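> Okay, so here is work-v4.tsv, and as you'll see once you scroll down, it has TSV, C-alpha atoms and all ligand atoms.
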chain	number	residue	atom	x	y	z
H	1	MET	CA	108.11	151.06	94.88
H	2	LEU	CA	111.41	149.51	93.74
H	3	ARG	CA	111.48	147.44	96.93
H	4	ALA	CA	108.02	146.05	96.18
H	5	THR	CA	109.05	145.35	92.57
H	6	PHE	CA	112.12	143.34	93.56
H	7	ILE	CA	110.14	141.45	96.20
H	8	ALA	CA	107.49	140.62	93.58
H	9	LEU	CA	110.26	139.53	91.20
H	10	SER	CA	111.70	137.29	93.93
H	11	GLU	CA	108.46	135.30	93.78
H	12	SER	CA	108.37	134.89	89.97
H	13	ARG	CA	108.92	131.20	89.16
H	14	SER	CA	109.46	131.70	85.42
H	15	LEU	CA	112.09	134.41	85.81
H	16	ARG	CA	113.74	132.36	88.53
H	17	SER	CA	114.10	129.23	86.44
H	18	PHE	CA	115.40	131.29	83.50
H	19	ALA	CA	117.92	133.28	85.56
H	20	GLU	CA	119.27	130.37	87.58
H	21	LYS	CA	120.07	128.34	84.48
H	22	THR	CA	122.00	130.95	82.52
H	23	ALA	CA	125.72	131.66	82.84
H	24	LEU	CA	124.90	135.37	82.73
H	25	GLY	CA	122.59	135.00	85.73
H	26	GLN	CA	125.30	133.21	87.68
H	27	LYS	CA	127.79	135.92	86.89
H	28	LEU	CA	125.33	138.60	88.04
H	29	SER	CA	124.82	136.86	91.38
H	30	SER	CA	128.49	136.32	92.13
H	31	ARG	CA	128.94	139.47	94.21
H	32	PHE	CA	126.45	138.24	96.84
H	33	VAL	CA	126.56	134.46	96.38
H	34	ALA	CA	129.80	132.53	96.98
H	35	GLY	CA	129.30	130.05	94.11
H	36	LEU	CA	127.39	126.95	93.20
H	37	THR	CA	129.16	124.16	95.12
H	38	VAL	CA	130.20	123.14	98.64
H	39	ASP	CA	133.81	123.72	97.55
H	40	ASP	CA	132.99	127.29	96.49
H	41	ALA	CA	131.37	127.99	99.86
H	42	LEU	CA	134.29	126.51	101.80
H	43	HIS	CA	136.75	128.50	99.71
H	44	ALA	CA	134.88	131.69	100.70
H	45	ALA	CA	134.72	130.51	104.33
H	46	HIS	CA	138.52	130.10	104.49
H	47	ALA	CA	138.98	133.56	103.01
H	48	MET	CA	136.63	135.11	105.60
H	49	ASN	CA	138.29	133.21	108.51
H	50	GLN	CA	141.66	134.54	107.36
H	51	LEU	CA	140.26	138.05	107.74
H	52	GLY	CA	139.23	137.26	111.31
H	53	LEU	CA	135.54	136.78	110.47
H	54	GLY	CA	133.43	133.78	111.47
H	55	VAL	CA	130.98	132.41	108.91
H	56	SER	CA	127.56	130.81	108.67
H	57	VAL	CA	127.00	128.95	105.41
H	58	ASP	CA	123.59	128.76	103.77
H	59	ASN	CA	122.83	126.24	101.04
H	60	LEU	CA	120.41	128.41	99.09
H	61	GLY	CA	116.91	127.13	98.50
H	62	GLU	CA	113.40	127.46	99.85
H	63	ASN	CA	109.91	126.04	99.39
H	64	VAL	CA	110.95	122.63	98.04
H	65	THR	CA	108.01	120.69	96.63
H	66	ASN	CA	109.07	117.09	97.19
H	67	VAL	CA	110.83	114.91	99.74
H	68	ASP	CA	113.80	114.08	97.49
H	69	GLU	CA	114.72	117.75	97.14
H	70	ALA	CA	114.56	118.18	100.93
H	71	ARG	CA	116.76	115.14	101.50
H	72	HIS	CA	119.24	116.25	98.85
H	73	SER	CA	119.52	119.65	100.44
H	74	ALA	CA	120.06	118.13	103.90
H	75	GLN	CA	122.76	115.88	102.44
H	76	LEU	CA	124.73	118.92	101.33
H	77	TYR	CA	124.48	120.33	104.86
H	78	HIS	CA	125.79	117.07	106.35
H	79	GLN	CA	128.74	117.18	103.95
H	80	MET	CA	129.29	120.83	104.80
H	81	LEU	CA	129.35	120.19	108.56
H	82	ASP	CA	131.94	117.41	108.17
H	83	ARG	CA	134.13	119.48	105.89
H	84	MET	CA	133.95	122.50	108.22
H	85	ALA	CA	135.06	120.39	111.17
H	86	GLY	CA	137.76	118.62	109.16
H	87	GLU	CA	139.15	121.91	107.90
H	88	GLU	CA	138.91	123.49	111.36
H	89	LEU	CA	136.86	126.43	110.18
H	90	ASN	CA	135.22	128.96	112.48
H	91	ALA	CA	131.90	128.17	110.85
H	92	ASN	CA	128.34	127.00	111.33
H	93	VAL	CA	125.32	126.57	109.04
H	94	SER	CA	122.07	128.43	108.40
H	95	LEU	CA	119.03	126.76	106.85
H	96	LYS	CA	115.43	127.43	105.95
H	97	LEU	CA	112.71	125.02	107.10
H	98	THR	CA	110.88	125.21	103.77
H	99	HIS	CA	114.13	123.94	102.24
H	100	MET	CA	113.96	120.98	104.61
H	101	GLY	CA	110.44	120.15	103.39
H	102	LEU	CA	108.18	122.09	105.77
H	103	ASP	CA	105.60	122.68	103.00
H	104	VAL	CA	105.66	119.01	101.98
H	105	ASN	CA	105.55	117.10	105.26
H	106	GLU	CA	106.06	118.76	108.63
H	107	LYS	CA	107.00	115.55	110.44
H	108	LEU	CA	109.63	114.72	107.87
H	109	ALA	CA	111.00	118.28	107.95
H	110	TYR	CA	111.41	117.93	111.71
H	111	GLU	CA	113.22	114.61	111.30
H	112	ILE	CA	115.58	116.01	108.63
H	113	THR	CA	116.36	119.13	110.65
H	114	SER	CA	116.75	117.16	113.84
H	115	GLU	CA	119.35	114.88	112.20
H	116	LEU	CA	121.27	117.95	111.13
H	117	VAL	CA	121.21	119.51	114.60
H	118	GLN	CA	122.32	116.18	116.08
H	119	HIS	CA	125.22	116.07	113.61
H	120	ALA	CA	126.14	119.68	114.42
H	121	ALA	CA	126.01	118.95	118.17
H	122	ARG	CA	128.36	115.97	117.75
H	123	LEU	CA	130.84	118.28	116.02
H	124	SER	CA	130.31	121.11	118.54
H	125	SER	CA	128.86	123.17	115.71
H	126	PHE	CA	125.59	125.06	115.38
H	127	VAL	CA	122.49	125.24	113.17
H	128	ARG	CA	120.73	128.57	112.72
H	129	VAL	CA	117.17	128.28	111.50
H	130	ASP	CA	116.56	131.31	109.27
H	131	MET	CA	113.23	133.12	109.51
H	132	GLU	CA	111.06	133.24	106.39
H	133	GLY	CA	107.82	135.14	105.65
H	134	SER	CA	105.14	135.51	108.34
H	135	ALA	CA	103.21	132.44	107.20
H	136	TYR	CA	106.06	130.45	108.78
H	137	THR	CA	106.89	132.48	111.89
H	138	GLN	CA	105.00	130.47	114.48
H	139	ARG	CA	105.89	127.07	113.02
H	140	THR	CA	109.56	128.02	112.75
H	141	LEU	CA	109.75	129.17	116.36
H	142	ASP	CA	107.88	126.04	117.50
H	143	PHE	CA	110.43	123.90	115.61
H	144	VAL	CA	113.41	125.64	117.17
H	145	ARG	CA	111.94	125.49	120.69
H	146	ARG	CA	111.19	121.79	120.28
H	147	LEU	CA	114.70	121.07	118.97
H	148	HIS	CA	116.25	123.11	121.76
H	149	ARG	CA	114.36	121.03	124.34
H	150	GLU	CA	116.08	117.81	123.15
H	151	PRO	CA	118.73	117.42	125.85
H	152	GLU	CA	121.76	116.96	123.61
H	153	TYR	CA	120.80	119.74	121.16
H	154	ALA	CA	120.51	122.74	123.49
H	155	GLY	CA	123.00	125.42	122.49
H	156	HIS	CA	123.44	123.88	119.02
H	157	VAL	CA	120.33	125.34	117.43
H	158	GLY	CA	119.09	128.92	117.28
H	159	ALA	CA	116.31	131.12	115.92
H	160	VAL	CA	115.99	134.39	114.01
H	161	ILE	CA	113.79	137.31	115.07
H	162	GLN	CA	112.70	140.11	112.72
H	163	SER	CA	112.30	143.55	114.30
H	164	TYR	CA	109.65	144.59	111.76
H	165	LEU	CA	107.09	142.19	113.28
H	166	HIS	CA	104.86	143.51	116.07
H	167	ARG	CA	105.01	140.13	117.80
H	168	SER	CA	108.81	140.04	118.10
H	169	GLN	CA	109.14	141.54	121.56
H	170	ALA	CA	106.97	138.77	123.02
H	171	ASP	CA	108.88	136.15	121.00
H	172	VAL	CA	112.23	137.44	122.25
H	173	GLY	CA	110.93	137.30	125.82
H	174	GLN	CA	109.92	133.67	125.42
H	175	LEU	CA	113.05	132.50	123.57
H	176	VAL	CA	115.40	134.25	125.96
H	177	ALA	CA	113.58	132.75	128.96
H	178	GLU	CA	114.36	129.36	127.41
H	179	ARG	CA	117.96	130.45	126.75
H	180	ILE	CA	117.69	130.02	123.00
H	181	ARG	CA	120.27	131.81	120.86
H	182	ILE	CA	118.77	134.45	118.57
H	183	ARG	CA	119.91	136.26	115.45
H	184	LEU	CA	118.24	139.66	115.39
H	185	CYS	CA	117.56	141.16	111.94
H	186	LYS	CA	115.12	143.74	110.57
H	187	GLY	CA	113.27	141.35	108.23
H	188	ALA	CA	113.45	140.87	104.47
H	189	TYR	CA	109.89	140.05	103.35
H	190	LYS	CA	106.88	142.18	102.47
H	191	GLU	CA	104.47	142.06	105.41
H	192	PRO	CA	101.15	143.91	105.89
H	193	PRO	CA	100.65	146.76	108.41
H	194	GLU	CA	98.45	144.59	110.63
H	195	ILE	CA	101.45	142.53	111.65
H	196	ALA	CA	104.54	144.56	110.76
H	197	PHE	CA	105.91	148.07	111.20
H	198	GLN	CA	106.04	149.83	107.82
H	199	GLN	CA	108.22	152.83	108.67
H	200	LYS	CA	112.00	152.45	108.86
H	201	ALA	CA	112.08	154.53	112.06
H	202	GLU	CA	109.68	152.10	113.77
H	203	VAL	CA	111.57	149.02	112.59
H	204	ASP	CA	114.84	150.58	113.79
H	205	GLY	CA	113.33	151.64	117.13
H	206	ASN	CA	112.12	148.10	117.74
H	207	TYR	CA	115.51	146.74	116.65
H	208	VAL	CA	117.28	148.77	119.33
H	209	LYS	CA	114.75	147.74	121.97
H	210	LEU	CA	115.16	144.03	121.11
H	211	MET	CA	118.95	144.30	120.84
H	212	ARG	CA	119.04	145.58	124.42
H	213	MET	CA	116.88	142.68	125.63
H	214	LEU	CA	119.27	140.26	123.90
H	215	LEU	CA	122.48	141.78	125.21
H	216	LYS	CA	121.13	141.86	128.76
H	217	SER	CA	120.03	138.19	128.61
H	218	GLY	CA	123.43	136.57	129.15
H	219	VAL	CA	122.84	134.25	126.16
H	220	TYR	CA	125.16	134.43	123.10
H	221	HIS	CA	123.20	136.19	120.31
H	222	GLY	CA	123.88	137.57	116.83
H	223	ILE	CA	123.18	141.20	115.97
H	224	ALA	CA	122.65	141.01	112.21
H	225	THR	CA	122.66	144.33	110.40
H	226	HIS	CA	124.66	146.56	108.05
H	227	ASP	CA	123.08	149.64	109.54
H	228	GLU	CA	125.78	151.75	111.17
H	229	LYS	CA	123.20	153.35	113.49
H	230	MET	CA	122.14	149.93	114.82
H	231	ILE	CA	125.79	148.91	115.21
H	232	ARG	CA	126.64	152.13	117.03
H	233	ALA	CA	123.63	151.69	119.36
H	234	THR	CA	124.79	148.11	120.12
H	235	ILE	CA	128.37	149.14	120.86
H	236	ASP	CA	127.24	152.05	123.04
H	237	PHE	CA	124.87	149.80	124.99
H	238	ALA	CA	127.49	147.06	125.43
H	239	ARG	CA	130.02	149.60	126.76
H	240	ARG	CA	127.51	151.25	129.08
H	241	GLU	CA	126.38	147.91	130.51
H	242	ASN	CA	129.89	146.41	130.69
H	243	ILE	CA	128.96	143.63	128.27
H	244	SER	CA	132.12	142.11	126.84
H	245	ALA	CA	132.95	141.76	123.14
H	246	GLU	CA	132.91	137.96	123.58
H	247	ALA	CA	129.30	137.92	124.81
H	248	PHE	CA	127.70	138.42	121.37
H	249	GLU	CA	128.57	138.81	117.68
H	250	PHE	CA	127.67	141.08	114.81
H	251	GLN	CA	126.56	139.38	111.62
H	252	MET	CA	126.54	140.63	108.02
H	253	LEU	CA	125.85	139.21	104.59
H	254	TYR	CA	128.57	138.05	102.19
H	255	GLY	CA	129.63	140.86	99.86
H	256	ILE	CA	127.85	143.63	101.79
H	257	ARG	CA	129.73	146.34	103.74
H	258	ARG	CA	133.02	144.45	103.74
H	259	ASP	CA	134.66	147.66	104.99
H	260	LEU	CA	132.42	147.70	108.06
H	261	GLN	CA	133.06	143.99	108.76
H	262	GLN	CA	136.81	144.69	108.86
H	263	LYS	CA	136.39	147.82	110.95
H	264	LEU	CA	134.49	145.89	113.64
H	265	ILE	CA	137.14	143.15	113.75
H	266	LYS	CA	139.91	145.74	114.06
H	267	GLU	CA	138.05	147.37	116.96
H	268	GLY	CA	137.94	144.00	118.76
H	269	TRP	CA	134.28	143.03	118.10
H	270	ARG	CA	133.21	139.66	116.76
H	271	CYS	CA	131.65	139.49	113.31
H	272	ARG	CA	130.23	136.54	111.37
H	273	VAL	CA	129.51	136.60	107.64
H	274	TYR	CA	126.52	134.75	106.21
H	275	ILE	CA	127.73	132.95	103.10
H	276	PRO	CA	125.05	131.77	100.67
H	277	PHE	CA	125.91	129.27	97.95
H	278	GLY	CA	124.11	126.96	95.55
H	279	THR	CA	122.19	126.90	92.32
H	280	GLU	CA	118.98	128.38	93.77
H	281	TRP	CA	120.23	131.88	94.30
H	282	TYR	CA	117.51	133.88	92.54
H	283	PRO	CA	115.04	134.74	95.40
H	284	TYR	CA	117.97	135.54	97.71
H	285	LEU	CA	119.51	137.96	95.21
H	286	MET	CA	116.15	139.67	94.55
H	287	ARG	CA	115.69	140.27	98.30
H	288	ARG	CA	119.14	141.87	98.44
H	289	LEU	CA	118.19	144.14	95.51
H	290	ALA	CA	114.93	145.01	97.29
H	291	GLU	CA	116.92	146.20	100.32
H	292	ARG	CA	119.11	148.38	98.19
H	293	PRO	CA	118.02	148.85	94.57
H	294	ALA	CA	121.33	150.65	93.87
H	295	ASN	CA	122.86	147.17	94.05
H	296	ALA	CA	121.37	146.48	90.62
H	297	ILE	CA	123.65	149.14	89.11
H	298	PHE	CA	126.56	147.86	91.14
H	299	ILE	CA	126.00	144.31	89.88
H	300	LEU	CA	125.74	145.46	86.28
H	301	LYS	CA	129.01	147.38	86.62
H	302	ASN	CA	130.69	144.20	87.93
H	303	LEU	CA	129.52	142.40	84.84
H	304	PHE	CA	131.58	144.63	82.56
H	305	ARG	CA	134.72	144.51	84.69
H	401	LIG	C1	123.57	137.66	108.80
H	401	LIG	C2	122.19	138.03	108.34
H	401	LIG	C3	121.20	137.07	108.35
H	401	LIG	C4	119.90	137.39	107.97
H	401	LIG	N1	118.90	136.46	108.09
H	401	LIG	C5	117.63	136.82	107.82
H	401	LIG	C6	116.54	135.92	108.08
H	401	LIG	O1	116.72	134.79	108.54
H	401	LIG	N2	115.28	136.36	107.79
H	401	LIG	C7	115.03	137.62	107.29
H	401	LIG	O2	113.87	137.98	107.08
H	401	LIG	N3	116.06	138.47	107.02
H	401	LIG	C8	117.32	138.10	107.28
H	401	LIG	N4	118.34	139.00	107.04
H	401	LIG	C9	118.08	140.23	106.25
H	401	LIG	C10	117.63	141.37	107.13
H	401	LIG	O3	116.35	141.10	107.64
H	401	LIG	C11	117.59	142.71	106.34
H	401	LIG	O4	116.70	142.57	105.28
H	401	LIG	C12	118.94	143.14	105.80
H	401	LIG	O5	119.98	142.81	106.66
H	401	LIG	C13	118.96	144.65	105.58
H	401	LIG	O6	118.75	145.31	106.80
H	401	LIG	P1	119.88	146.15	107.57
H	401	LIG	O7	119.79	145.80	109.00
H	401	LIG	O8	121.20	145.94	106.95
H	401	LIG	O9	119.37	147.65	107.50
H	401	LIG	P2	118.80	148.60	106.35
H	401	LIG	O10	118.10	149.70	107.04
H	401	LIG	O11	118.06	147.82	105.31
H	401	LIG	O12	120.12	149.12	105.70
H	401	LIG	C14	121.04	149.94	106.40
H	401	LIG	C15	122.25	150.19	105.52
H	401	LIG	O13	122.93	148.95	105.31
H	401	LIG	C16	123.41	148.85	103.98
H	401	LIG	N5	122.70	147.75	103.30
H	401	LIG	C17	121.61	147.09	103.74
H	401	LIG	N6	121.25	146.11	102.88
H	401	LIG	C18	122.13	146.18	101.86
H	401	LIG	C19	122.28	145.45	100.68
H	401	LIG	N7	121.46	144.47	100.34
H	401	LIG	N8	123.30	145.80	99.87
H	401	LIG	C20	124.16	146.79	100.21
H	401	LIG	N9	124.06	147.52	101.32
H	401	LIG	C21	123.06	147.22	102.14
H	401	LIG	C22	123.11	150.18	103.33
H	401	LIG	O14	124.22	151.01	103.53
H	401	LIG	C23	121.93	150.67	104.11
H	401	LIG	O15	121.80	152.07	104.07
H	401	LIG	C24	119.63	138.70	107.48
H	401	LIG	C25	120.62	139.66	107.47
H	401	LIG	C26	121.88	139.36	107.91
H	401	LIG	C27	122.92	140.44	107.94
Using the file provided, produce a representation of the structure as structure tokens.

Amino acid sequence: MLRATFIALSESRSLRSFAEKTALGQKLSSRFVAGLTVDDALHAAHAMNQLGLGVSVDNLGENVTNVDEARHSAQLYHQMLDRMAGEELNANVSLKLTHMGLDVNEKLAYEITSELVQHAARLSSFVRVDMEGSAYTQRTLDFVRRLHREPEYAGHVGAVIQSYLHRSQADVGQLVAERIRIRLCKGAYKEPPEIAFQQKAEVDGNYVKLMRMLLKSGVYHGIATHDEKMIRATIDFARRENISAEAFEFQMLYGIRRDLQQKLIKEGWRCRVYIPFGTEWYPYLMRRLAERPANAIFILKNLFR
């Protein structure tokens, strides 16, 4: 019930605009969001790199309602890519298509995203297209496949697959056949039983099945989870199949299971941290609270420290 409440809260526009504008709101979000500016995100990226962790930086935002917002958001990503290259960071970027204007004008969203992938390719960097709710699944995968087909972009753009969706096994099969890099996660939105597994055991079972398909594919993928059982299953499978630690990476979110991130690095595995930053942090934070309502207490404790 708490999960559903936080997911419903993540969609409340009035609460969002109130929370994002207050200093108190910003303080509450600071455990899971690196700050408001490009400088804040880069500062966090340097700190993570020093710990041996790669990063993927996300300029928070989704469902923009006009072209100017989409362009502004892309501008920040262009700046970010240049700064990452200039500062020699082990870093790439993650973005959401609805932040690039998918709801406003699909053609324009493609143009904006394509310019970013082109920029990333020039710098030997990478753009991960996050996966949003199921209303966007097909369009997002179509976008990534189309970008990947552009000769100079291949290898510089990747998709995300959610193990809670029934369709994901078929999607993994198709993306892997096209040698598209995938981030595998469980999925963070509320989806109905017709299209998504509802029980944790089913989502986890599908996660393990898809992880094995990814590791066997010979393409460099990201295994994104904080779930020690999923991580253990991945390590066991990699060892059994003689898949090297350089052939894939684990991925976790900024501020979550920092102990586990360090443990993996010490054991010789690769791990990348997803660093969100920006003024539009509210829906992101609510989804993190939905995954683990105990975080609400944790955040409140931080406030009084
Ligand atoms: C790098 C990365 C990128 C992602 N990108 C996307 C995306 O594009 N689209 C999408 O739908 N989802 C995305 N997600 C979110 C993902 O789908 C899950 O909602 C989230 O990772 C929680 O699932 P889990 O695998 O950690 O397992 P769970 O079964 O949810 O959790 C397992 C354990 O992990 C720990 N944990 C999990 N979440 C939290 C938390 N919020 N705070 C503290 N501890 C926690 C707890 O110990 C928990 O018991 C991403 C996740 C990661 C790590």
> List all protein, DNA and RNA residues that have an atom no more than 9 Å from any atom of ligand LIG 401 (chain H), counting all atoms listed in the file, and report them as a ChimeraX atom specification.
/H:32,56,94-96,128-133,159-164,183-189,200,203-204,207,222-230,250-257,272-275,285,287-295
> CA of Pro151 (chain H) to CA of Ile180 (chain H): how many Å, to one decimal?
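These atoms are spaced 13.0 Å apart.
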> Can I get the residues of region 136-222 of chain H within 10 Å of region 98-116 of chain H, each with the closest pair of atoms and their distance in Å to one decimal, using all atoms listed in the file, sorted chain first then ascending number, as JSON lines?

{"residue": "H:Tyr136", "atom": "CA", "partner": "H:Thr98", "partner_atom": "CA", "distance": 8.7}
{"residue": "H:Arg139", "atom": "CA", "partner": "H:Leu102", "partner_atom": "CA", "distance": 9.1}
{"residue": "H:Thr140", "atom": "CA", "partner": "H:Leu102", "partner_atom": "CA", "distance": 9.3}
{"residue": "H:Phe143", "atom": "CA", "partner": "H:Tyr110", "partner_atom": "CA", "distance": 7.2}
{"residue": "H:Val144", "atom": "CA", "partner": "H:Tyr110", "partner_atom": "CA", "distance": 9.7}
{"residue": "H:Arg146", "atom": "CA", "partner": "H:Tyr110", "partner_atom": "CA", "distance": 9.4}
{"residue": "H:Leu147", "atom": "CA", "partner": "H:Ser114", "partner_atom": "CA", "distance": 6.8}
{"residue": "H:His148", "atom": "CA", "partner": "H:Ser114", "partner_atom": "CA", "distance": 9.9}
{"residue": "H:Glu150", "atom": "CA", "partner": "H:Ser114", "partner_atom": "CA", "distance": 9.4}
{"residue": "H:Tyr153", "atom": "CA", "partner": "H:Ser114", "partner_atom": "CA", "distance": 8.8}
{"residue": "H:Val157", "atom": "CA", "partner": "H:Ser114", "partner_atom": "CA", "distance": 9.6}
> Store the residues of this selection in a file with C-alpha atoms, as a PDB file, in the coordinates of the input.

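Contents of result14.pdb, as written:
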ATOM      1  CA  TYR H 136     106.060 130.450 108.780  1.00  0.00           C
ATOM      2  CA  ARG H 139     105.890 127.070 113.020  1.00  0.00           C
ATOM      3  CA  THR H 140     109.560 128.020 112.750  1.00  0.00           C
ATOM      4  CA  PHE H 143     110.430 123.900 115.610  1.00  0.00           C
ATOM      5  CA  VAL H 144     113.410 125.640 117.170  1.00  0.00           C
ATOM      6  CA  ARG H 146     111.190 121.790 120.280  1.00  0.00           C
ATOM      7  CA  LEU H 147     114.700 121.070 118.970  1.00  0.00           C
ATOM      8  CA  HIS H 148     116.250 123.110 121.760  1.00  0.00           C
ATOM      9  CA  GLU H 150     116.080 117.810 123.150  1.00  0.00           C
ATOM     10  CA  TYR H 153     120.800 119.740 121.160  1.00  0.00           C
ATOM     11  CA  VAL H 157     120.330 125.340 117.430  1.00  0.00           C
TER      12      VAL H 157
END
> Quick one: which region 53-139 of chain H residues come within 12 Å of region 8-27 of chain H, and what is the nearest atom pair for each with the distance in Å to one decimal, counting only C-alpha atoms, rows ordered by chain and ascending number, as a tab-separated table?

residue	atom	partner	partner_atom	distance
H:Leu60	CA	H:Glu20	CA	11.7
H:Gly61	CA	H:Glu20	CA	11.6
H:Glu62	CA	H:Glu11	CA	11.1
H:Asn63	CA	H:Glu11	CA	10.9
H:Gly133	CA	H:Glu11	CA	11.9
> Give, as lines of an AutoDock Vina configuration file, the centre coordinates and the x, y and z edge lengths in Å to one decimal for an axis-aligned box around all listed atoms of region 211-229 of chain H, padded by 8 Å on each side.

center_x = 121.3
center_y = 143.8
center_z = 118.6
size_x = 24.9
size_y = 35.1
size_z = 37.1
> List the spatial neighbours of Val38 (chain H) as a PDB file with C-alpha atoms, in the frame of the given file - criterion: any atom at most 10 Å away, all atoms listed in the file, same-chain residues fewer than 3 positions off excluded.

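What landed in result18.pdb:
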ATOM      1  CA  ALA H  34     129.800 132.530  96.980  1.00  0.00           C
ATOM      2  CA  GLY H  35     129.300 130.050  94.110  1.00  0.00           C
ATOM      3  CA  ALA H  41     131.370 127.990  99.860  1.00  0.00           C
ATOM      4  CA  LEU H  42     134.290 126.510 101.800  1.00  0.00           C
ATOM      5  CA  HIS H  43     136.750 128.500  99.710  1.00  0.00           C
ATOM      6  CA  ALA H  44     134.880 131.690 100.700  1.00  0.00           C
ATOM      7  CA  VAL H  57     127.000 128.950 105.410  1.00  0.00           C
ATOM      8  CA  ASN H  59     122.830 126.240 101.040  1.00  0.00           C
ATOM      9  CA  LEU H  76     124.730 118.920 101.330  1.00  0.00           C
ATOM     10  CA  TYR H  77     124.480 120.330 104.860  1.00  0.00           C
ATOM     11  CA  GLN H  79     128.740 117.180 103.950  1.00  0.00           C
ATOM     12  CA  MET H  80     129.290 120.830 104.800  1.00  0.00           C
ATOM     13  CA  ARG H  83     134.130 119.480 105.890  1.00  0.00           C
ATOM     14  CA  PHE H 277     125.910 129.270  97.950  1.00  0.00           C
ATOM     15  CA  GLY H 278     124.110 126.960  95.550  1.00  0.00           C
TER      16      GLY H 278
END
> To one decimal place in Å, what is the distance between CA of His156 (chain H) and CA of Gln118 (chain H)?
8.3 Å
